[in-house]
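Asks: What follows is a structure written as structure tokens; I'll ask about it next.
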Amino acid sequence: MRQKRSRLWQFWLPADLENKGTATMGERQKFLCGNAVSKGIAIAKAYRYEPLDLKVSKSKCDKEETEAECRRFQSAREQAKEELQTLYAALEEEHPDQAKIFVAHQEVLEDEEMTEETENVIKEDCLTAESAVDTIFNQYADLLKQVEDPLIAGRAADLLDVKARVLRLLLGKEEKRLDHFAEDVIVVAHDLLPSDTANLDRDHVKGLITEVGGSNSHCAILARSFSLPAILGAEDAMTQIQDGQDLILDGLSGQIWLDFSQEEKEQYEQKRQLWKKQIEEEQTYLLRPGATKDEVKIALGINVGSDAYDTAGAAYDFIGLFRTEFLYMENDHMPTEEEQFSVYRRILEGAKGKPVTLRTLDIGGDKTLPYFSLPKEDNPFLGERALRLCFSHMEIFETQMRAALRASVYGNLQIMFPMVGSMEDIRRAKEAVRKVMDALKQEGIAYDPKVKIGVMIEVPSLALQADLVAQEVDFASIGSNDLTQYVCAADRMNAAMEPYYQTYAPAMVRLLGFVFESFQKANKPISVCGEMAGNPKGAALLVGLGARKLSMNAAMLAAVKAELARHRIDELEKMAKTCQKLCTEKEIKEQMEM
Amino acid sequence: MVTKQVVFINKTGLHARPASDFVMLAKKYESKITICKEGGEPVNAKSVVRLLAEGIGQGTKAELAAEGPDEAEAIEALAVLVASGFGE
């Protein structure tokens with residue numbers, strides 16, 4: 001397999017461009033590096049987006065002017081309200097979550113007490129409208145920052161955003177906008193806020209570069225949903241990049257080219273075309289069934305949240321991961337049984353008979369609920385997460401089970417528990433489900449008694465007894481992200497731990513092989529639903545190790561299908577076997593041609 | 001002036017949506033309305049930012065007070081909203 005470098009992936013890093021890092025050419029830096037959070041290549045002029053200078057210069061006015069200053073304040077407030085209404089209306093339909101931000105901003109603007117106090121300081125202290133707004137908004141933002149609840153403290157940012165809007169209107173400055181360009185640009189900024197990107201000109205903005213932000217930031221999510229190449233966390237981008245300068249944004253490698261020859265530019269233009277072609281070619285695979293070149297069938301599933309998803313039914317075989325925590329996280333209260341039931345029912349009906357694996361509440365660790373305070377822990381990832389949390393709050397678990405079981409009559413439901421570490425955990429969870437089933441039966445409420453019960457394999461203690469686990473459950477799914485984190489003892493949220501967080505560590509490859517083998521012997525279904533399954537090369541390795549079911553973000557289906565169709569099963573098996581004997585992740589990745 | 005003791009029974013207390021609902025209702029009345037957390041200072045019930053800053057959680061006791069032409073109706077309506085648990 002090594003010799004047969006796969007045709008489509010090899011151009012990712014042309015040999016002559018590889019590993020140049022932050023090479024310098026003379027005085028000027030040639031490259032900047034950052035996190036490639038949204039793939040693709042963009043070649044265009046830089047547009048530096050800088051927040052306006054809203055420094056308030058004149059702070060005092062004469063007593064006679066205070067009436068006029070109050071009127072200026074009121075008129076700026078009215079204009080701000082109109083702007084917010086326009087922003088809200090533009091987003092309301094397609095991006096309701098982003099639109100909500102502007103409702104919160106309107107509430108701040110209409111705050112009676114803040115308005116009164118602003119007018120008071122103008123009248124009594126003879127402040128100009130600008131300096132009054134500056135003073136009062138800062139005061140209230142500080143007030144919120146002191147609240148212990150992080151969600152409330154976070155709303156201080158809303159106040160500052162509204163303050164900037166009112167000040168800009170008072171100072172009579174044009175709003176810097178990204179909604180209309182005459183030519184193609186790559187937007188370069190320190191950071192991009194929701195209000196900055198709300199009306200992005202999608203015809204002309206070809207890429208995004210910011211100095212801060214990770215792959216889960218607002219900006220990253222936006223870039224991916226618009227299929228816009230983006231590099232975030234590129235330090236010094238604002239110092240190094242001039243307005244109007246030609247740039248190459250390589251969102252495949254995370255490199256930004258500041259200085260390049262015509263020849264290099266042409267090379268990149270070719271690379272861009274190839275990438276475009278690859279995406280188009282992959283798309284042709286989307287509706288085909290997943291299989292290797294020699295027709296070994298691989299069932300491919302999708303991971304979904306509470307939201308509606310719009311993947312064509314023919315593109316996937318099952319929903320391998322229905323994350324229910326979004327239902328809890330996007331709410332301001334614990335979702336009731338009825339609220340959960342209606343969402344579960346909708347997802348099950350939408351799947352039209354395809355299996356839907358509902359993962360029970362998975363919070364704790366990096367995910368928290370604003371309205372439900374979790375105990376402070378030194379090591380939340382090793383603490384009361386997911387199933388463990390459900391065990392100590394049985395009422396939450398039971399409500400979810402009732403809603404899920406009631407919905408089970410509307411489709412093909414499977415229930416899966418996250419963060420399972422032992423056989424006791426499995427038995428206890430199954431017992432809880434049985435209890436809920438009994439209660440429903442007594443109440444005469446319908447449910448599917450044959451609902452399959454399974455577990456996530458993401459804790460090493462469970463993975464290492466996969467042979468025994470396979471006897472106890474109907475199915476299992478490997479959560480490769482958490483499994484990697486726990487096998488390598490490296491926090492996946494900590495950027496400094498990246499070199500230690502090795503998805504393809506020899507221990508992982510061996511452990512995965514053992515888990516697949518154990519479940520196959522027991523004749524029980526086993527799938528993978530972590531990032532690894534959605535990485536084309538990772539998926540190929542998993543199939544070589546024995547996986548026949550993979551579940552991923554719908555956006556990766558076509559690429560994974562295309563990659564699998566390139567290899568025969570014996571090639572993949574041979575490659576996987578070799579990987580299991582290698583000593584380092586680097587060697588394994590080389591073997592995988594990553 | 002009319003006053004009334006209330007207890008926030010809903011899970012989230014006076015956060016996010018409940019705070020917005022509370023302010024929206026308070027603004028329908030002309031009277032000056034305040035809310036005073038047990039052991040705290042009264043704050044303007046028509047200011048969403050003030051209410052948020054109070055950090056009123058589940059189980060918090062507070063006193064509502066209104067003064068003005070529609071003080072009785074205002075207190076009654078707000079007390080009902082709080083007692084309903086904001087529909088949670």
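As shown in the structure tokens, the chain order sets the letters A, B, ...; within each chain, residues go from 1, and ligands are also counted from 1 in the order they appear.
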May I ask you to extract the residues of chain A within 10 Å of chain B, using only C-alpha atoms, and to give them as number ranges by chain?

Replies: A: 104, 107-108, 110-115, 140-149, 151-153, 155-156, 159, 331-336, 370-373

Asks: Go ahead and write the residues just picked, C-alpha atoms, as a compact mmCIF listing (two decimals), in the first residue's frame.

Replies:
# COMPACT_ATOMS: atom_id res chain seq x y z
CA ALA A 104 -29.92 40.06 24.00
CA GLU A 107 -32.50 44.05 25.86
CA VAL A 108 -29.35 45.74 27.12
CA GLU A 110 -33.61 48.98 26.53
CA ASP A 111 -32.43 48.59 30.09
CA GLU A 112 -34.31 51.27 31.99
CA GLU A 113 -31.82 51.73 34.79
CA MET A 114 -28.78 52.02 32.55
CA THR A 115 -30.56 54.53 30.36
CA TYR A 140 -22.52 47.66 34.60
CA ALA A 141 -20.21 45.31 32.72
CA ASP A 142 -18.01 45.20 35.83
CA LEU A 143 -21.08 44.45 37.92
CA LEU A 144 -21.88 41.42 35.77
CA LYS A 145 -18.29 40.23 35.71
CA GLN A 146 -18.42 39.86 39.48
CA VAL A 147 -21.30 37.37 39.38
CA GLU A 148 -20.07 33.85 40.10
CA ASP A 149 -22.19 32.19 37.44
CA LEU A 151 -22.94 32.48 32.03
CA ILE A 152 -23.97 35.77 33.58
CA ALA A 153 -20.40 37.01 33.82
CA ARG A 155 -22.91 38.65 29.34
CA ALA A 156 -20.58 41.51 30.22
CA LEU A 159 -22.69 45.09 27.23
CA ASN A 331 -31.72 25.27 26.77
CA ASP A 332 -32.00 27.47 29.82
CA HIS A 333 -33.54 24.70 31.88
CA MET A 334 -33.40 20.92 32.20
CA PRO A 335 -35.39 19.70 29.19
CA THR A 336 -38.63 18.11 30.33
CA PRO A 370 -25.66 26.96 32.66
CA TYR A 371 -28.61 26.14 34.89
CA PHE A 372 -27.19 23.12 36.64
CA SER A 373 -24.16 23.58 38.80

Asks: If we count only C-alpha atoms and set the cut-off at 10 Å, which residues sit around Asp467 in chain A, ignoring sequence neighbours fewer than 4 positions away in its own chain? Please answer as a short mmCIF file (atom, residue, chain, number, x, y, z; two decimals) with C-alpha atoms, in the first residue's frame.

Replies:
data_model
loop_
_atom_site.label_atom_id
_atom_site.label_comp_id
_atom_site.auth_asym_id
_atom_site.auth_seq_id
_atom_site.Cartn_x
_atom_site.Cartn_y
_atom_site.Cartn_z
CA LEU A 462 -13.58 -1.05 29.53
CA ALA A 463 -11.65 -1.41 26.28
CA GLN A 471 -21.20 -10.64 26.37
CA GLU A 472 -23.03 -8.03 28.43
CA PHE A 514 -8.41 -6.12 20.35
CA VAL A 515 -11.82 -4.45 20.72
CA PHE A 516 -12.87 -5.23 17.12
CA GLU A 517 -11.71 -8.81 17.45
CA SER A 518 -13.57 -9.30 20.76
CA PHE A 519 -16.86 -8.04 19.39
CA GLN A 520 -16.55 -10.02 16.18
CA LYS A 521 -15.98 -13.21 18.17
CA ALA A 522 -19.12 -12.50 20.19
#

Asks: List every residue of range 18-79 of chain B that DSSP, applied to the backbone, labels as alpha helix (DSSP H), and write the result as a tab-separated table (two decimals) with N, CA and C atoms, in the first residue's frame.

Replies:
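Result file result_5.tsv:
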chain	number	residue	atom	x	y	z
B	18	PRO	N	-36.04	33.66	31.98
B	18	PRO	CA	-36.87	34.15	33.08
B	18	PRO	C	-36.61	35.62	33.41
B	19	ALA	N	-35.38	36.06	33.37
B	19	ALA	CA	-35.07	37.46	33.66
B	19	ALA	C	-35.72	38.37	32.62
B	20	SER	N	-35.64	37.96	31.34
B	20	SER	CA	-36.26	38.76	30.28
B	20	SER	C	-37.77	38.84	30.47
B	21	ASP	N	-38.38	37.66	30.78
B	21	ASP	CA	-39.84	37.63	30.98
B	21	ASP	C	-40.24	38.54	32.14
B	22	PHE	N	-39.45	38.47	33.21
B	22	PHE	CA	-39.76	39.25	34.41
B	22	PHE	C	-39.73	40.75	34.10
B	23	VAL	N	-38.68	41.18	33.42
B	23	VAL	CA	-38.54	42.60	33.09
B	23	VAL	C	-39.64	43.05	32.13
B	24	MET	N	-39.93	42.18	31.16
B	24	MET	CA	-40.94	42.55	30.18
B	24	MET	C	-42.29	42.79	30.87
B	25	LEU	N	-42.60	41.92	31.84
B	25	LEU	CA	-43.86	42.09	32.55
B	25	LEU	C	-43.83	43.35	33.42
B	26	ALA	N	-42.72	43.56	34.13
B	26	ALA	CA	-42.60	44.72	35.01
B	26	ALA	C	-42.79	46.03	34.24
B	48	VAL	N	-32.89	44.65	33.29
B	48	VAL	CA	-32.48	43.25	33.13
B	48	VAL	C	-31.04	43.05	33.60
B	49	VAL	N	-30.20	44.05	33.38
B	49	VAL	CA	-28.79	43.90	33.78
B	49	VAL	C	-28.67	43.85	35.30
B	50	ARG	N	-29.42	44.72	35.99
B	50	ARG	CA	-29.45	44.70	37.45
B	50	ARG	C	-29.90	43.34	37.99
B	51	LEU	N	-30.96	42.82	37.38
B	51	LEU	CA	-31.49	41.54	37.85
B	51	LEU	C	-30.48	40.43	37.67
B	52	LEU	N	-29.83	40.41	36.52
B	52	LEU	CA	-28.82	39.39	36.26
B	52	LEU	C	-27.70	39.49	37.28
B	53	ALA	N	-27.30	40.74	37.56
B	53	ALA	CA	-26.19	40.96	38.48
B	53	ALA	C	-26.51	40.49	39.90
B	54	GLU	N	-27.80	40.37	40.21
B	54	GLU	CA	-28.19	39.89	41.54
B	54	GLU	C	-27.92	38.40	41.71
B	71	GLU	N	-49.77	49.87	41.46
B	71	GLU	CA	-48.88	49.07	42.30
B	71	GLU	C	-49.45	47.70	42.66
B	72	ALA	N	-50.74	47.63	43.00
B	72	ALA	CA	-51.31	46.36	43.44
B	72	ALA	C	-51.32	45.33	42.30
B	73	GLU	N	-51.76	45.77	41.12
B	73	GLU	CA	-51.81	44.86	39.97
B	73	GLU	C	-50.41	44.38	39.60
B	74	ALA	N	-49.44	45.30	39.64
B	74	ALA	CA	-48.07	44.95	39.25
B	74	ALA	C	-47.53	43.84	40.15
B	75	ILE	N	-47.68	44.03	41.47
B	75	ILE	CA	-47.15	43.03	42.40
B	75	ILE	C	-47.85	41.70	42.21
B	76	GLU	N	-49.15	41.76	42.04
B	76	GLU	CA	-49.92	40.54	41.85
B	76	GLU	C	-49.41	39.76	40.62
B	77	ALA	N	-49.29	40.47	39.50
B	77	ALA	CA	-48.88	39.81	38.25
B	77	ALA	C	-47.47	39.22	38.36
B	78	LEU	N	-46.55	40.00	38.95
B	78	LEU	CA	-45.17	39.50	39.05
B	78	LEU	C	-45.08	38.31	40.00
B	79	ALA	N	-45.84	38.37	41.11
B	79	ALA	CA	-45.81	37.26	42.07
B	79	ALA	C	-46.34	35.99	41.42

Asks: Using only C-alpha atoms, which protein or nucleic acid residues come within 12 Å of Ser422 in chain A? Drop anything in the same chain fewer than 6 positions from it, and give the result as a list in words.

Replies: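 The filter keeps Leu387, Arg388, Arg428, Ala429, Val455, Met456, Ile457, Glu458, Val459, Pro460, Ser461, Leu462, Ala463, Leu464, Gln465, Ala466, Leu468, Val469 and Glu472 of chain A.
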
Asks: Include C-alpha atoms and write out the residues we just selected as an mmCIF file, in the first residue's frame.

Replies:
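part_38.cif, freshly written:
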data_model
loop_
_atom_site.group_PDB
_atom_site.id
_atom_site.type_symbol
_atom_site.label_atom_id
_atom_site.label_comp_id
_atom_site.auth_asym_id
_atom_site.auth_seq_id
_atom_site.Cartn_x
_atom_site.Cartn_y
_atom_site.Cartn_z
ATOM 1 C CA LEU A 387 -23.042 8.286 33.126
ATOM 2 C CA ARG A 388 -21.380 8.891 36.493
ATOM 3 C CA ARG A 428 -26.376 -0.502 36.947
ATOM 4 C CA ALA A 429 -27.387 1.442 33.833
ATOM 5 C CA VAL A 455 -21.969 1.354 25.549
ATOM 6 C CA MET A 456 -19.370 3.815 24.372
ATOM 7 C CA ILE A 457 -15.915 2.341 24.589
ATOM 8 C CA GLU A 458 -13.846 5.344 25.581
ATOM 9 C CA VAL A 459 -12.382 4.396 28.962
ATOM 10 C CA PRO A 460 -9.351 2.093 28.755
ATOM 11 C CA SER A 461 -10.574 -0.099 31.635
ATOM 12 C CA LEU A 462 -13.581 -1.051 29.533
ATOM 13 C CA ALA A 463 -11.652 -1.408 26.281
ATOM 14 C CA LEU A 464 -9.250 -3.845 27.932
ATOM 15 C CA GLN A 465 -12.086 -6.169 28.865
ATOM 16 C CA ALA A 466 -13.934 -5.799 25.558
ATOM 17 C CA LEU A 468 -16.337 -9.642 28.521
ATOM 18 C CA VAL A 469 -18.205 -6.436 27.682
ATOM 19 C CA GLU A 472 -23.031 -8.031 28.427
#

Asks: Mind checking which residues fall within 8 Å of Lys37 in chain B, counting only C-alpha atoms, ignoring those fewer than 3 positions away in the same chain, and posting them as a ChimeraX atom specification?

Replies: /B:40-42,54,56,60-63

Asks: Show me, as an mmCIF file with N, CA and C atoms, in the first residue's frame, the residues that have an atom within 10 Å of range 29-34 of chain A when counting only C-alpha atoms, minus same-chain residues fewer than 3 positions from it.

Replies:
data_model
loop_
_atom_site.group_PDB
_atom_site.id
_atom_site.type_symbol
_atom_site.label_atom_id
_atom_site.label_comp_id
_atom_site.auth_asym_id
_atom_site.auth_seq_id
_atom_site.Cartn_x
_atom_site.Cartn_y
_atom_site.Cartn_z
ATOM 1 N N LYS A 20 8.414 23.684 5.598
ATOM 2 C CA LYS A 20 9.235 24.884 5.600
ATOM 3 C C LYS A 20 9.028 25.685 6.881
ATOM 4 N N GLY A 21 7.930 25.388 7.568
ATOM 5 C CA GLY A 21 7.661 26.050 8.827
ATOM 6 C C GLY A 21 7.661 27.546 8.669
ATOM 7 N N THR A 22 8.298 28.250 9.577
ATOM 8 C CA THR A 22 8.299 29.705 9.483
ATOM 9 C C THR A 22 9.614 30.169 8.861
ATOM 10 N N ALA A 23 9.993 29.530 7.776
ATOM 11 C CA ALA A 23 11.237 29.897 7.104
ATOM 12 C C ALA A 23 11.219 31.391 6.769
ATOM 13 N N THR A 24 12.346 32.017 6.849
ATOM 14 C CA THR A 24 12.384 33.436 6.523
ATOM 15 C C THR A 24 13.196 33.655 5.261
ATOM 16 N N MET A 25 12.884 34.730 4.601
ATOM 17 C CA MET A 25 13.584 35.056 3.370
ATOM 18 C C MET A 25 14.070 36.475 3.550
ATOM 19 N N GLY A 26 15.338 36.610 3.754
ATOM 20 C CA GLY A 26 15.868 37.931 4.058
ATOM 21 C C GLY A 26 15.289 38.423 5.363
ATOM 22 N N VAL A 37 -8.606 25.429 10.642
ATOM 23 C CA VAL A 37 -9.864 24.954 11.225
ATOM 24 C C VAL A 37 -10.927 24.677 10.169
ATOM 25 N N ILE A 209 -8.575 34.775 8.404
ATOM 26 C CA ILE A 209 -7.376 34.580 9.226
ATOM 27 C C ILE A 209 -7.562 35.406 10.492
ATOM 28 N N THR A 210 -7.394 34.790 11.653
ATOM 29 C CA THR A 210 -7.424 35.588 12.881
ATOM 30 C C THR A 210 -6.225 35.234 13.752
ATOM 31 N N GLU A 211 -5.937 36.149 14.678
ATOM 32 C CA GLU A 211 -4.796 35.916 15.573
ATOM 33 C C GLU A 211 -5.162 35.001 16.739
ATOM 34 N N VAL A 212 -6.428 35.015 17.109
ATOM 35 C CA VAL A 212 -6.844 34.163 18.227
ATOM 36 C C VAL A 212 -7.972 33.244 17.771
ATOM 37 N N GLY A 213 -8.245 32.235 18.601
ATOM 38 C CA GLY A 213 -9.380 31.365 18.311
ATOM 39 C C GLY A 213 -8.944 29.962 17.966
ATOM 40 N N GLY A 214 -9.691 29.002 18.460
ATOM 41 C CA GLY A 214 -9.396 27.598 18.203
ATOM 42 C C GLY A 214 -10.458 26.984 17.323
ATOM 43 N N ALA A 230 -10.075 28.626 6.500
ATOM 44 C CA ALA A 230 -9.779 29.524 7.612
ATOM 45 C C ALA A 230 -8.592 29.029 8.413
ATOM 46 N N ILE A 231 -7.732 29.984 8.782
ATOM 47 C CA ILE A 231 -6.625 29.690 9.696
ATOM 48 C C ILE A 231 -6.785 30.614 10.886
ATOM 49 N N LEU A 232 -6.969 30.039 12.053
ATOM 50 C CA LEU A 232 -7.120 30.854 13.257
ATOM 51 C C LEU A 232 -5.893 30.672 14.145
ATOM 52 N N GLY A 233 -5.753 31.572 15.088
ATOM 53 C CA GLY A 233 -4.627 31.474 16.011
ATOM 54 C C GLY A 233 -3.298 31.749 15.321
ATOM 55 N N ALA A 234 -3.307 32.516 14.239
ATOM 56 C CA ALA A 234 -2.064 32.877 13.563
ATOM 57 C C ALA A 234 -1.511 34.125 14.265
ATOM 58 N N GLU A 235 -0.635 33.899 15.223
ATOM 59 C CA GLU A 235 -0.120 35.026 16.007
ATOM 60 C C GLU A 235 0.567 36.038 15.095
ATOM 61 N N ASP A 236 0.460 37.285 15.460
ATOM 62 C CA ASP A 236 1.117 38.358 14.712
ATOM 63 C C ASP A 236 0.548 38.615 13.321
ATOM 64 N N ALA A 237 -0.557 37.992 12.977
ATOM 65 C CA ALA A 237 -1.104 38.197 11.629
ATOM 66 C C ALA A 237 -1.329 39.686 11.357
ATOM 67 N N GLN A 240 2.095 41.422 10.778
ATOM 68 C CA GLN A 240 2.846 40.974 9.604
ATOM 69 C C GLN A 240 2.141 41.257 8.282
ATOM 70 N N ILE A 241 0.833 41.299 8.306
ATOM 71 C CA ILE A 241 0.099 41.404 7.045
ATOM 72 C C ILE A 241 -0.370 42.838 6.787
ATOM 73 N N ILE A 248 -1.510 33.838 0.231
ATOM 74 C CA ILE A 248 -1.990 32.485 -0.043
ATOM 75 C C ILE A 248 -2.361 31.889 1.303
ATOM 76 N N LEU A 249 -3.596 31.469 1.432
ATOM 77 C CA LEU A 249 -4.049 30.845 2.668
ATOM 78 C C LEU A 249 -4.171 29.354 2.383
ATOM 79 N N ASP A 250 -3.293 28.571 2.988
ATOM 80 C CA ASP A 250 -3.335 27.131 2.781
ATOM 81 C C ASP A 250 -4.036 26.495 3.977
ATOM 82 N N GLY A 251 -5.328 26.365 3.868
ATOM 83 C CA GLY A 251 -6.130 25.800 4.953
ATOM 84 C C GLY A 251 -6.043 24.285 5.016
ATOM 85 N N SER A 253 -2.673 22.894 5.310
ATOM 86 C CA SER A 253 -1.501 22.726 6.160
ATOM 87 C C SER A 253 -1.462 23.741 7.298
ATOM 88 N N GLY A 254 -2.267 24.787 7.226
ATOM 89 C CA GLY A 254 -2.231 25.813 8.269
ATOM 90 C C GLY A 254 -1.198 26.883 8.002
ATOM 91 N N GLN A 255 -0.705 26.974 6.749
ATOM 92 C CA GLN A 255 0.306 27.982 6.427
ATOM 93 C C GLN A 255 -0.299 29.171 5.693
ATOM 94 N N ILE A 256 0.216 30.358 6.059
ATOM 95 C CA ILE A 256 -0.173 31.558 5.322
ATOM 96 C C ILE A 256 1.100 32.058 4.643
ATOM 97 N N TRP A 257 1.066 32.174 3.340
ATOM 98 C CA TRP A 257 2.235 32.657 2.589
ATOM 99 C C TRP A 257 2.152 34.170 2.457
ATOM 100 N N LEU A 258 3.217 34.829 2.954
ATOM 101 C CA LEU A 258 3.230 36.287 2.898
ATOM 102 C C LEU A 258 4.023 36.768 1.699
ATOM 103 N N ASP A 259 4.944 35.952 1.259
ATOM 104 C CA ASP A 259 5.886 36.371 0.237
ATOM 105 C C ASP A 259 6.105 35.175 -0.687
ATOM 106 N N PHE A 260 5.783 35.342 -1.953
ATOM 107 C CA PHE A 260 5.923 34.191 -2.844
ATOM 108 C C PHE A 260 6.163 34.648 -4.262
#

Asks: Would you compute the distance between CA of Leu171 in chain A and CA of Ala76 in chain A? Give it in Å to one decimal.

Replies: 9.5 Å

Asks: Excluding same-chain residues fewer than 2 positions from Gln340 in chain A, what lies within 10 Å of it counting only C-alpha atoms, as a ChimeraX atom specification?

Replies: /A:306,324,327-328,334-338,342-346,399-404,407

Asks: Could you work out how far CA of Lys354 in chain A lies from CA of Ile302 in chain A, giving the answer in Å with one decimal?

Replies: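 Answer for the CA of Ile302 in chain A to CA of Lys354 in chain A separation: 11.2 Å.
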
Asks: Excluding range 563-580 of chain A and residues on its chain fewer than 6 positions from it, collect all residues at most 8 Å away from it, counting only C-alpha atoms, and give them as a PDB file with C-alpha atoms, in the first residue's frame.

Replies:
ATOM      1  CA  MET A   1       0.000   0.000   0.000  1.00  0.00           C
ATOM      2  CA  SER A   6      -3.283   7.457  -3.186  1.00  0.00           C
ATOM      3  CA  GLY A 290     -19.713   2.452   1.517  1.00  0.00           C
ATOM      4  CA  ALA A 291     -17.412  -0.343   0.366  1.00  0.00           C
ATOM      5  CA  THR A 292     -13.807  -1.210  -0.320  1.00  0.00           C
ATOM      6  CA  LYS A 293     -12.549  -1.558  -3.878  1.00  0.00           C
ATOM      7  CA  ASP A 294     -13.326  -5.292  -3.753  1.00  0.00           C
ATOM      8  CA  VAL A 296     -16.526  -5.457   1.149  1.00  0.00           C
ATOM      9  CA  PRO A 506       0.770   2.215  18.932  1.00  0.00           C
ATOM     10  CA  VAL A 509      -3.869   0.753  17.253  1.00  0.00           C
ATOM     11  CA  ARG A 510      -3.337  -2.378  19.322  1.00  0.00           C
ATOM     12  CA  PRO A 536     -10.384   9.242   5.428  1.00  0.00           C
ATOM     13  CA  LYS A 537      -6.986   7.780   6.337  1.00  0.00           C
ATOM     14  CA  ALA A 539     -11.235   5.214   8.450  1.00  0.00           C
ATOM     15  CA  ALA A 540      -9.046   3.116   6.149  1.00  0.00           C
ATOM     16  CA  LEU A 541      -6.927   2.019   9.115  1.00  0.00           C
ATOM     17  CA  LEU A 542     -10.014   1.195  11.189  1.00  0.00           C
ATOM     18  CA  VAL A 543     -11.389  -0.998   8.409  1.00  0.00           C
ATOM     19  CA  GLY A 544      -8.017  -2.715   8.169  1.00  0.00           C
ATOM     20  CA  LEU A 545      -8.182  -3.351  11.914  1.00  0.00           C
ATOM     21  CA  GLY A 546     -11.598  -4.973  11.564  1.00  0.00           C
ATOM     22  CA  GLU A 587       5.945   5.425  11.938  1.00  0.00           C
ATOM     23  CA  ILE A 588       2.288   4.458  11.989  1.00  0.00           C
ATOM     24  CA  GLN A 591       2.519   3.657   7.052  1.00  0.00           C
ATOM     25  CA  MET A 592      -0.969   5.164   6.756  1.00  0.00           C
TER      26      MET A 592
END

Asks: Could you tell me how far CA of Glu116 in chain A sits from CA of Thr66 in chain A, in Å to one decimal place?

Replies: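 Spanning CA of Thr66 in chain A to CA of Glu116 in chain A is a straight-line distance of 14.0 Å.
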